[in-house]
Structures are given as C-alpha cells and as structure tokens.
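The data block below is target18.cif; it holds mmCIF, C-alpha atoms.
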```cif
data_upload
loop_
_atom_site.group_PDB
_atom_site.id
_atom_site.type_symbol
_atom_site.label_atom_id
_atom_site.label_comp_id
_atom_site.auth_asym_id
_atom_site.auth_seq_id
_atom_site.Cartn_x
_atom_site.Cartn_y
_atom_site.Cartn_z
ATOM 1 C CA MET A 1 99.639 87.086 207.354
ATOM 2 C CA ILE A 2 102.648 86.758 205.084
ATOM 3 C CA SER A 3 102.237 87.783 201.462
ATOM 4 C CA TRP A 4 104.436 85.385 199.477
ATOM 5 C CA GLY A 5 105.834 86.218 196.080
ATOM 6 C CA ASP A 6 106.827 83.563 193.551
ATOM 7 C CA SER A 7 109.685 85.355 191.783
ATOM 8 C CA ILE A 8 113.175 85.473 193.296
ATOM 9 C CA GLU A 9 114.114 88.197 190.795
ATOM 10 C CA GLN A 10 111.252 90.454 191.874
ATOM 11 C CA GLY A 11 111.880 89.661 195.539
ATOM 12 C CA ALA A 12 115.536 90.657 195.176
ATOM 13 C CA LYS A 13 114.610 93.843 193.293
ATOM 14 C CA LYS A 14 112.118 94.857 195.979
ATOM 15 C CA SER A 15 114.522 93.892 198.736
ATOM 16 C CA LYS A 16 117.233 96.085 197.206
ATOM 17 C CA GLU A 17 114.833 99.033 197.052
ATOM 18 C CA GLU A 18 113.704 98.552 200.649
ATOM 19 C CA LYS A 19 117.144 97.498 201.971
ATOM 20 C CA LYS A 20 115.804 94.204 203.260
ATOM 21 C CA LEU A 21 116.714 90.554 202.716
ATOM 22 C CA VAL A 22 114.974 87.912 200.618
ATOM 23 C CA LEU A 23 113.740 84.758 202.306
ATOM 24 C CA VAL A 24 113.131 81.977 199.784
ATOM 25 C CA ASP A 25 111.155 78.906 200.824
ATOM 26 C CA PHE A 26 111.809 76.026 198.429
ATOM 27 C CA TYR A 27 108.991 73.558 198.994
ATOM 28 C CA ASN A 28 107.471 70.434 197.547
ATOM 29 C CA PRO A 29 103.636 70.585 197.525
ATOM 30 C CA GLN A 30 103.356 66.768 197.488
ATOM 31 C CA MET B 1 110.783 89.828 201.101
ATOM 32 C CA PRO B 2 109.250 86.355 201.327
ATOM 33 C CA VAL B 3 109.240 84.195 198.176
ATOM 34 C CA ARG B 4 107.972 80.624 197.800
ATOM 35 C CA VAL B 5 109.314 78.322 195.102
ATOM 36 C CA ASN B 6 107.157 75.340 194.180
ATOM 37 C CA LYS B 7 109.125 72.253 193.105
ATOM 38 C CA GLU B 8 106.425 71.143 190.678
ATOM 39 C CA LYS B 9 106.177 74.503 188.923
ATOM 40 C CA GLN B 10 109.682 75.984 189.239
ATOM 41 C CA ILE B 11 112.057 73.028 188.981
ATOM 42 C CA ASP B 12 114.541 75.260 187.093
ATOM 43 C CA LEU B 13 115.060 77.324 190.265
ATOM 44 C CA PHE B 14 115.589 74.132 192.286
ATOM 45 C CA LYS B 15 118.366 73.224 189.847
ATOM 46 C CA LYS B 16 119.821 76.744 189.789
ATOM 47 C CA TYR B 17 120.110 76.858 193.590
ATOM 48 C CA THR B 18 121.037 73.151 193.907
ATOM 49 C CA ILE B 19 118.120 72.313 196.192
ATOM 50 C CA THR B 20 118.145 68.560 196.810
ATOM 51 C CA TRP B 21 115.709 68.317 199.711
ATOM 52 C CA THR B 22 112.709 70.241 200.995
ATOM 53 C CA PRO B 23 111.842 72.337 202.811
ATOM 54 C CA THR B 24 114.940 74.469 202.286
ATOM 55 C CA ILE B 25 115.028 78.124 203.255
ATOM 56 C CA VAL B 26 117.590 80.345 201.576
ATOM 57 C CA ILE B 27 118.473 83.913 202.570
ATOM 58 C CA LEU B 28 119.523 86.234 199.737
ATOM 59 C CA ASP B 29 120.590 89.857 199.722
ATOM 60 C CA GLY B 30 119.260 92.521 197.349
ATOM 61 C CA GLU B 31 121.776 91.450 194.698
ATOM 62 C CA GLY B 32 120.366 87.915 194.757
ATOM 63 C CA LYS B 33 123.515 86.595 196.426
ATOM 64 C CA GLU B 34 122.956 83.648 198.760
ATOM 65 C CA HIS B 35 124.194 84.023 202.322
ATOM 66 C CA PHE B 36 122.676 81.150 204.301
ATOM 67 C CA ARG B 37 120.373 78.189 203.950
ATOM 68 C CA PHE B 38 118.903 75.510 206.141
ATOM 69 C CA THR B 39 116.911 72.396 205.412
ATOM 70 C CA GLY B 40 114.262 70.516 207.348
ATOM 71 C CA PHE B 41 111.204 71.109 209.481
ATOM 72 C CA LEU B 42 111.086 73.172 212.665
ATOM 73 C CA PRO B 43 108.248 74.056 215.068
ATOM 74 C CA PRO B 44 106.951 77.623 214.439
ATOM 75 C CA SER B 45 108.833 79.378 217.256
ATOM 76 C CA GLU B 46 112.105 77.626 216.370
ATOM 77 C CA LEU B 47 111.590 78.484 212.701
ATOM 78 C CA CYS B 48 111.149 82.167 213.604
ATOM 79 C CA ALA B 49 114.291 82.095 215.754
ATOM 80 C CA ALA B 50 116.234 80.370 212.956
ATOM 81 C CA ILE B 51 115.130 82.894 210.325
ATOM 82 C CA ILE B 52 115.991 85.879 212.542
ATOM 83 C CA LEU B 53 119.383 84.354 213.336
ATOM 84 C CA GLU B 54 120.104 83.702 209.645
ATOM 85 C CA GLY B 55 119.120 87.334 209.031
ATOM 86 C CA ALA B 56 121.581 88.404 211.740
ATOM 87 C CA LYS B 57 124.382 86.425 210.101
ATOM 88 C CA THR B 58 123.544 87.896 206.704
ATOM 89 C CA GLU B 59 123.609 91.448 208.135
ATOM 90 C CA LEU B 60 126.991 90.557 209.619
ATOM 91 C CA ASP B 61 128.209 89.544 206.144
ATOM 92 C CA LEU B 62 126.943 92.872 204.826
ATOM 93 C CA HIS B 63 128.755 94.775 207.638
ATOM 94 C CA ASN B 64 125.452 96.001 209.078
ATOM 95 C CA TYR B 65 126.629 95.322 212.626
ATOM 96 C CA ASP B 66 123.917 97.263 214.464
ATOM 97 C CA LEU B 67 121.219 95.288 212.642
ATOM 98 C CA ALA B 68 123.054 92.017 213.338
ATOM 99 C CA ILE B 69 123.230 92.904 217.056
ATOM 100 C CA LYS B 70 119.532 93.783 217.082
ATOM 101 C CA CYS B 71 118.561 90.462 215.454
ATOM 102 C CA CYS B 72 120.785 88.402 217.801
ATOM 103 C CA ASN B 73 119.301 90.169 220.819
ATOM 104 C CA GLU B 74 115.827 89.422 219.474
ATOM 105 C CA VAL B 75 116.582 85.695 219.277
ATOM 106 C CA ILE B 76 118.108 85.707 222.779
ATOM 107 C CA GLY B 77 115.371 87.809 224.385
ATOM 108 C CA LYS B 78 112.247 86.704 222.559
ATOM 109 C CA TYR B 79 112.969 83.008 221.992
ATOM 110 C CA LYS B 80 114.311 81.929 225.372
ATOM 111 C CA GLY B 81 114.745 78.161 225.384
ATOM 112 C CA SER B 82 115.284 78.012 221.631
ATOM 113 C CA VAL B 83 118.055 75.736 220.376
ATOM 114 C CA PHE B 84 119.367 78.751 218.428
ATOM 115 C CA VAL B 85 120.110 80.909 221.497
ATOM 116 C CA PRO B 86 123.734 79.690 221.970
ATOM 117 C CA GLU B 87 124.526 80.466 218.324
ATOM 118 C CA ALA B 88 122.856 83.875 218.721
ATOM 119 C CA ILE B 89 125.059 84.622 221.763
ATOM 120 C CA PHE B 90 128.132 83.600 219.738
ATOM 121 C CA TYR B 91 127.243 85.865 216.808
ATOM 122 C CA LEU B 92 126.204 88.696 219.153
ATOM 123 C CA SER B 93 129.730 88.723 220.543
ATOM 124 C CA VAL B 94 131.178 88.595 217.011
ATOM 125 C CA ALA B 95 128.957 91.475 215.823
ATOM 126 C CA LYS B 96 129.885 93.569 218.870
ATOM 127 C CA TYR B 97 133.566 92.851 218.283
ATOM 128 C CA LEU B 98 133.367 93.795 214.589
ATOM 129 C CA SER B 99 131.439 96.922 215.498
ATOM 130 C CA THR B 100 133.857 98.106 218.216
ATOM 131 C CA HIS B 101 137.128 96.187 217.574
ATOM 132 C CA ASP B 102 137.115 95.487 221.304
ATOM 133 C CA ALA B 103 138.044 91.822 221.846
ATOM 134 C CA LYS B 104 136.518 91.903 225.314
ATOM 135 C CA ASN B 105 133.175 91.357 223.553
ATOM 136 C CA LEU B 106 134.376 87.949 222.342
ATOM 137 C CA ARG B 107 135.514 87.047 225.855
ATOM 138 C CA ALA B 108 132.156 88.173 227.280
ATOM 139 C CA GLY B 109 130.385 85.927 224.758
ATOM 140 C CA TYR B 110 132.519 82.967 225.775
ATOM 141 C CA ASP B 111 131.895 83.629 229.486
ATOM 142 C CA ARG B 112 128.157 83.836 228.911
ATOM 143 C CA LEU B 113 128.082 80.653 226.843
ATOM 144 C CA THR B 114 130.150 78.792 229.453
ATOM 145 C CA LYS B 115 127.800 79.919 232.203
ATOM 146 C CA GLU B 116 124.483 79.381 230.411
ATOM 147 C CA PHE B 117 125.298 76.567 227.948
ATOM 148 C CA PRO B 118 128.269 74.516 229.177
ATOM 149 C CA GLY B 119 129.169 71.794 226.687
ATOM 150 C CA ALA B 120 127.096 73.259 223.862
ATOM 151 C CA GLU B 121 128.494 73.262 220.331
ATOM 152 C CA TRP B 122 128.764 77.074 220.214
ATOM 153 C CA THR B 123 130.458 77.159 223.618
ATOM 154 C CA LEU B 124 133.147 74.862 222.222
ATOM 155 C CA LYS B 125 133.469 77.048 219.123
ATOM 156 C CA ALA B 126 134.012 80.101 221.342
ATOM 157 C CA ALA B 127 136.596 78.331 223.544
ATOM 158 C CA PRO B 128 139.684 80.115 222.093
ATOM 159 C CA TYR B 129 138.224 83.432 223.323
ATOM 160 C CA ARG B 130 138.919 82.310 226.918
ATOM 161 C CA LEU B 131 142.500 83.437 226.258
ATOM 162 C CA ILE B 132 141.379 87.060 225.819
ATOM 163 C CA ASP B 133 141.790 89.271 228.905
ATOM 164 C CA LYS B 134 138.556 90.286 230.615
#
```

If you convert what's in this file into structure tokens, what do you get?
Amino acid sequence: MISWGDSIEQGAKKSKEEKKLVLVDFYNPQ
Amino acid sequence: MPVRVNKEKQIDLFKKYTITWTPTIVILDGEGKEHFRFTGFLPPSELCAAIILEGAKTELDLHNYDLAIKCCNEVIGKYKGSVFVPEAIFYLSVAKYLSTHDAKNLRAGYDRLTKEFPGAEWTLKAAPYRLIDK
C-alpha cells in the first residue's frame, strides 16, 4: 500500500535525504 | 516519495506547475526540479512501467547510469508486452553508452529495436545508430 504525502516540499526534502525521486500525482477528485 | 496534489484543495500548486489536465504525473528530484511528466490514464501495469521508465530517464539526467540501466532492464524484463518497452530499450542503450563511452551500445540498441519492434517510433529514433560499426 502506498503512503501518499500531500506536500511537494516535504516529499522533496525526504527524497533528498533518502536519495530517491519524488512522484507527484496531480489529480482532480471530481 | 509519492505525493498527491488535489485540484480542489491545492490549486496554487496546479498553477505553479502549469497543470492543465488530470491526471498528470510529474517526476521531481530532491531539489524539487522537474524532470518528466505525463498526462492521461493508463492500466495499472502500463502505469508501473511508465513510472519506472520516467525514473530511469530522470536517473540518466542525474548521471546515475547504473540506476538508469537497472530501471530500463526492469521495464524490459518485468513488463514484457508493455508499450513502453521500445523506449526502455532505447534509453538502456543510451545509459550504457554514457556509462562506458562505447558507441557499440547504441548500435546494439538499434539492432534490438529493429529486430523486436520494426517500425516503432523508438526504432525510427534510433535509426542513425545503424551507421555505428558493430
């Protein structure tokens, strides 16, 4: 199960620490 | 690091990244710099292949050639039949070339594409590599 974050800034910070990439899913809930 | 951005709640981020249609997936590095994006719906296995391939291309941008090779091989080996396999073969040959500076890798990619995917878009894109000696 994927644990999604909702902050690009935090995702980038964590990704820098863990030397990984950030995958951002822009979606429309409608 | 997976992040979801909801259009109704985070419209400012849609504007910042110039997202005009959903779903759009964007790959960023640890500095927040965008490397690739794609828009539209895909079946689950194709979506996985697409994400891994975009990751491979991003690692290529970042000069992490071994990781790029690993990701391309994953798309080719694990997602046989995927529409993204020809592109993965193309970028596998590019990553191997950048890693070794041996142009024979580009030629090998072209030969493989010609054999397995004649007429495909990525076979056409690799066509100049036919001029490289085997």

>> Residues within 9 Å of Cys71 (chain B), please, as number ranges by chain. Count only C-alpha atoms; anything in the same chain fewer than 5 positions from it doesn't count.
In response: B: 52-53, 55-57, 59, 66, 76, 88, 92

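In this structure, CA of Lys9 (chain B) sits 16.0 Å away from CA of Thr24 (chain B).
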
Hey, list the chain B side of the contact with chain A: 6 Å cut-off, only C-alpha atoms, answer as a VMD selection string.
chain B and resid 1 to 7 22 to 30 32

For C-alpha atoms, I'd like the residues from the last selection saved as a PDB file, in the coordinates of the input.
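Listed below is the output, result31.pdb:
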```pdb
ATOM      1  CA  MET B   1     110.783  89.828 201.101  1.00  0.00           C
ATOM      2  CA  PRO B   2     109.250  86.355 201.327  1.00  0.00           C
ATOM      3  CA  VAL B   3     109.240  84.195 198.176  1.00  0.00           C
ATOM      4  CA  ARG B   4     107.972  80.624 197.800  1.00  0.00           C
ATOM      5  CA  VAL B   5     109.314  78.322 195.102  1.00  0.00           C
ATOM      6  CA  ASN B   6     107.157  75.340 194.180  1.00  0.00           C
ATOM      7  CA  LYS B   7     109.125  72.253 193.105  1.00  0.00           C
ATOM      8  CA  THR B  22     112.709  70.241 200.995  1.00  0.00           C
ATOM      9  CA  PRO B  23     111.842  72.337 202.811  1.00  0.00           C
ATOM     10  CA  THR B  24     114.940  74.469 202.286  1.00  0.00           C
ATOM     11  CA  ILE B  25     115.028  78.124 203.255  1.00  0.00           C
ATOM     12  CA  VAL B  26     117.590  80.345 201.576  1.00  0.00           C
ATOM     13  CA  ILE B  27     118.473  83.913 202.570  1.00  0.00           C
ATOM     14  CA  LEU B  28     119.523  86.234 199.737  1.00  0.00           C
ATOM     15  CA  ASP B  29     120.590  89.857 199.722  1.00  0.00           C
ATOM     16  CA  GLY B  30     119.260  92.521 197.349  1.00  0.00           C
ATOM     17  CA  GLY B  32     120.366  87.915 194.757  1.00  0.00           C
TER      18      GLY B  32
END
```

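Each of B:Leu124, B:Ala68, B:Glu54, B:Ile19 was compared to Thr39 (chain B) using all atoms listed in the file, and B:Ile19 turns out to be the nearest.
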
From CA of Ser45 (chain B) to CA of Val75 (chain B) the spacing works out at 10.2 Å

Let me have the centre and edge lengths in Å, one decimal, of the box along x, y and z around every listed atom of region 59-69 of chain B with 4 Å of margin on each side, as JSON.
```
{"center_x": 125.0, "center_y": 93.4, "center_z": 210.9, "size_x": 15.5, "size_y": 15.7, "size_z": 20.2}
```

Counting all atoms listed in the file, closest pick from B:Pro86, B:Lys96, B:Thr58, B:Ala49 relative to Glu74 (chain B) is B:Ala49

Students should find that CA of Phe90 (chain B) and CA of Trp122 (chain B) are spaced 6.6 Å

When the PyMOL selection byres ((chain B and resi 82) around 8) is applied to the file above, which residues end up in the set, as a PyMOL selection string? chain B and resi 45-46+49+79-81+83-85

Hey, can you spit out that residue selection with C-alpha atoms as an mmCIF file, in the coordinates of the input?
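The file below, result_0.cif, is the result:
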```cif
data_model
loop_
_atom_site.group_PDB
_atom_site.id
_atom_site.type_symbol
_atom_site.label_atom_id
_atom_site.label_comp_id
_atom_site.auth_asym_id
_atom_site.auth_seq_id
_atom_site.Cartn_x
_atom_site.Cartn_y
_atom_site.Cartn_z
ATOM 1 C CA SER B 45 108.833 79.378 217.256
ATOM 2 C CA GLU B 46 112.105 77.626 216.370
ATOM 3 C CA ALA B 49 114.291 82.095 215.754
ATOM 4 C CA TYR B 79 112.969 83.008 221.992
ATOM 5 C CA LYS B 80 114.311 81.929 225.372
ATOM 6 C CA GLY B 81 114.745 78.161 225.384
ATOM 7 C CA VAL B 83 118.055 75.736 220.376
ATOM 8 C CA PHE B 84 119.367 78.751 218.428
ATOM 9 C CA VAL B 85 120.110 80.909 221.497
#
```

Give me the result of the PyMOL selection byres ((chain B and resi 103) around 10) on this file, residue by residue, as an MDAnalysis selection string.
chainID B and resid 93:94 96:98 100:102 104:108 129 132:134

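Using the PyMOL selection byres ((chain B and resi 123) around 9) on this structure selects B:Pro86, B:Glu87, B:Phe90, B:Gly109, B:Tyr110, B:Asp111, B:Arg112, B:Leu113, B:Thr114, B:Phe117, B:Pro118, B:Gly119, B:Ala120, B:Glu121, B:Trp122, B:Leu124, B:Lys125, B:Ala126, B:Ala127.
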
Could I get chain A from the block written as a PDB file, in the first residue's frame, with N, CA and C atoms?
```pdb
ATOM      1  N   MET A   1       0.853  -1.209   0.000  1.00  0.00           N
ATOM      2  CA  MET A   1       0.000   0.000   0.000  1.00  0.00           C
ATOM      3  C   MET A   1       0.884   1.252   0.000  1.00  0.00           C
ATOM      4  N   ILE A   2       0.588   2.157  -0.900  1.00  0.00           N
ATOM      5  CA  ILE A   2       1.396   3.378  -0.981  1.00  0.00           C
ATOM      6  C   ILE A   2       0.922   4.380   0.070  1.00  0.00           C
ATOM      7  N   SER A   3       1.888   5.001   0.737  1.00  0.00           N
ATOM      8  CA  SER A   3       1.566   6.053   1.694  1.00  0.00           C
ATOM      9  C   SER A   3       1.826   7.398   1.016  1.00  0.00           C
ATOM     10  N   TRP A   4       0.756   8.087   0.637  1.00  0.00           N
ATOM     11  CA  TRP A   4       0.882   9.336  -0.117  1.00  0.00           C
ATOM     12  C   TRP A   4       1.056  10.523   0.822  1.00  0.00           C
ATOM     13  N   GLY A   5       1.965  11.411   0.479  1.00  0.00           N
ATOM     14  CA  GLY A   5       2.056  12.674   1.174  1.00  0.00           C
ATOM     15  C   GLY A   5       1.263  13.716   0.409  1.00  0.00           C
ATOM     16  N   ASP A   6       1.088  14.916   0.995  1.00  0.00           N
ATOM     17  CA  ASP A   6       0.364  15.950   0.259  1.00  0.00           C
ATOM     18  C   ASP A   6       1.191  17.230   0.129  1.00  0.00           C
ATOM     19  N   SER A   7       2.494  17.136   0.462  1.00  0.00           N
ATOM     20  CA  SER A   7       3.358  18.303   0.359  1.00  0.00           C
ATOM     21  C   SER A   7       4.553  17.991  -0.537  1.00  0.00           C
ATOM     22  N   ILE A   8       4.656  18.732  -1.648  1.00  0.00           N
ATOM     23  CA  ILE A   8       5.784  18.532  -2.565  1.00  0.00           C
ATOM     24  C   ILE A   8       7.090  18.901  -1.862  1.00  0.00           C
ATOM     25  N   GLU A   9       7.030  19.970  -1.050  1.00  0.00           N
ATOM     26  CA  GLU A   9       8.225  20.427  -0.327  1.00  0.00           C
ATOM     27  C   GLU A   9       8.765  19.330   0.590  1.00  0.00           C
ATOM     28  N   GLN A  10       7.865  18.728   1.357  1.00  0.00           N
ATOM     29  CA  GLN A  10       8.294  17.660   2.279  1.00  0.00           C
ATOM     30  C   GLN A  10       8.760  16.434   1.515  1.00  0.00           C
ATOM     31  N   GLY A  11       8.059  16.136   0.412  1.00  0.00           N
ATOM     32  CA  GLY A  11       8.443  14.987  -0.420  1.00  0.00           C
ATOM     33  C   GLY A  11       9.840  15.169  -0.982  1.00  0.00           C
ATOM     34  N   ALA A  12      10.142  16.403  -1.440  1.00  0.00           N
ATOM     35  CA  ALA A  12      11.462  16.686  -1.999  1.00  0.00           C
ATOM     36  C   ALA A  12      12.532  16.604  -0.911  1.00  0.00           C
ATOM     37  N   LYS A  13      12.197  17.127   0.274  1.00  0.00           N
ATOM     38  CA  LYS A  13      13.159  17.101   1.392  1.00  0.00           C
ATOM     39  C   LYS A  13      13.505  15.652   1.753  1.00  0.00           C
ATOM     40  N   LYS A  14      12.457  14.837   1.870  1.00  0.00           N
ATOM     41  CA  LYS A  14      12.660  13.426   2.234  1.00  0.00           C
ATOM     42  C   LYS A  14      13.406  12.700   1.114  1.00  0.00           C
ATOM     43  N   SER A  15      13.054  13.043  -0.113  1.00  0.00           N
ATOM     44  CA  SER A  15      13.694  12.370  -1.249  1.00  0.00           C
ATOM     45  C   SER A  15      15.177  12.717  -1.319  1.00  0.00           C
ATOM     46  N   LYS A  16      15.519  13.948  -0.958  1.00  0.00           N
ATOM     47  CA  LYS A  16      16.931  14.353  -0.941  1.00  0.00           C
ATOM     48  C   LYS A  16      17.689  13.563   0.123  1.00  0.00           C
ATOM     49  N   GLU A  17      17.063  13.433   1.295  1.00  0.00           N
ATOM     50  CA  GLU A  17      17.698  12.682   2.390  1.00  0.00           C
ATOM     51  C   GLU A  17      17.927  11.225   2.010  1.00  0.00           C
ATOM     52  N   GLU A  18      16.924  10.645   1.336  1.00  0.00           N
ATOM     53  CA  GLU A  18      16.985   9.205   1.031  1.00  0.00           C
ATOM     54  C   GLU A  18      17.498   8.922  -0.382  1.00  0.00           C
ATOM     55  N   LYS A  19      17.929   9.992  -1.077  1.00  0.00           N
ATOM     56  CA  LYS A  19      18.453   9.867  -2.448  1.00  0.00           C
ATOM     57  C   LYS A  19      17.475   9.119  -3.352  1.00  0.00           C
ATOM     58  N   LYS A  20      16.224   9.549  -3.285  1.00  0.00           N
ATOM     59  CA  LYS A  20      15.196   8.977  -4.154  1.00  0.00           C
ATOM     60  C   LYS A  20      14.548  10.107  -4.956  1.00  0.00           C
ATOM     61  N   LEU A  21      13.585   9.760  -5.789  1.00  0.00           N
ATOM     62  CA  LEU A  21      12.884  10.756  -6.590  1.00  0.00           C
ATOM     63  C   LEU A  21      11.509  11.016  -5.992  1.00  0.00           C
ATOM     64  N   VAL A  22      10.897  12.112  -6.411  1.00  0.00           N
ATOM     65  CA  VAL A  22       9.539  12.438  -5.964  1.00  0.00           C
ATOM     66  C   VAL A  22       8.583  12.191  -7.121  1.00  0.00           C
ATOM     67  N   LEU A  23       7.538  11.451  -6.844  1.00  0.00           N
ATOM     68  CA  LEU A  23       6.497  11.217  -7.855  1.00  0.00           C
ATOM     69  C   LEU A  23       5.268  12.003  -7.404  1.00  0.00           C
ATOM     70  N   VAL A  24       4.854  12.976  -8.201  1.00  0.00           N
ATOM     71  CA  VAL A  24       3.708  13.803  -7.823  1.00  0.00           C
ATOM     72  C   VAL A  24       2.527  13.488  -8.739  1.00  0.00           C
ATOM     73  N   ASP A  25       1.430  13.099  -8.132  1.00  0.00           N
ATOM     74  CA  ASP A  25       0.201  12.787  -8.866  1.00  0.00           C
ATOM     75  C   ASP A  25      -0.763  13.957  -8.715  1.00  0.00           C
ATOM     76  N   PHE A  26      -0.894  14.757  -9.761  1.00  0.00           N
ATOM     77  CA  PHE A  26      -1.863  15.853  -9.763  1.00  0.00           C
ATOM     78  C   PHE A  26      -3.202  15.269 -10.202  1.00  0.00           C
ATOM     79  N   TYR A  27      -4.201  15.354  -9.332  1.00  0.00           N
ATOM     80  CA  TYR A  27      -5.477  14.721  -9.679  1.00  0.00           C
ATOM     81  C   TYR A  27      -6.655  15.637  -9.347  1.00  0.00           C
ATOM     82  N   ASN A  28      -7.744  15.326 -10.023  1.00  0.00           N
ATOM     83  CA  ASN A  28      -8.992  16.060  -9.800  1.00  0.00           C
ATOM     84  C   ASN A  28      -9.982  15.077  -9.166  1.00  0.00           C
ATOM     85  N   PRO A  29     -10.396  15.293  -7.919  1.00  0.00           N
ATOM     86  CA  PRO A  29     -11.274  14.327  -7.246  1.00  0.00           C
ATOM     87  C   PRO A  29     -12.682  14.245  -7.849  1.00  0.00           C
ATOM     88  N   GLN A  30     -13.049  15.191  -8.712  1.00  0.00           N
ATOM     89  CA  GLN A  30     -14.407  15.181  -9.271  1.00  0.00           C
ATOM     90  C   GLN A  30     -14.586  14.060 -10.273  1.00  0.00           C
TER      91      GLN A  30
END
```
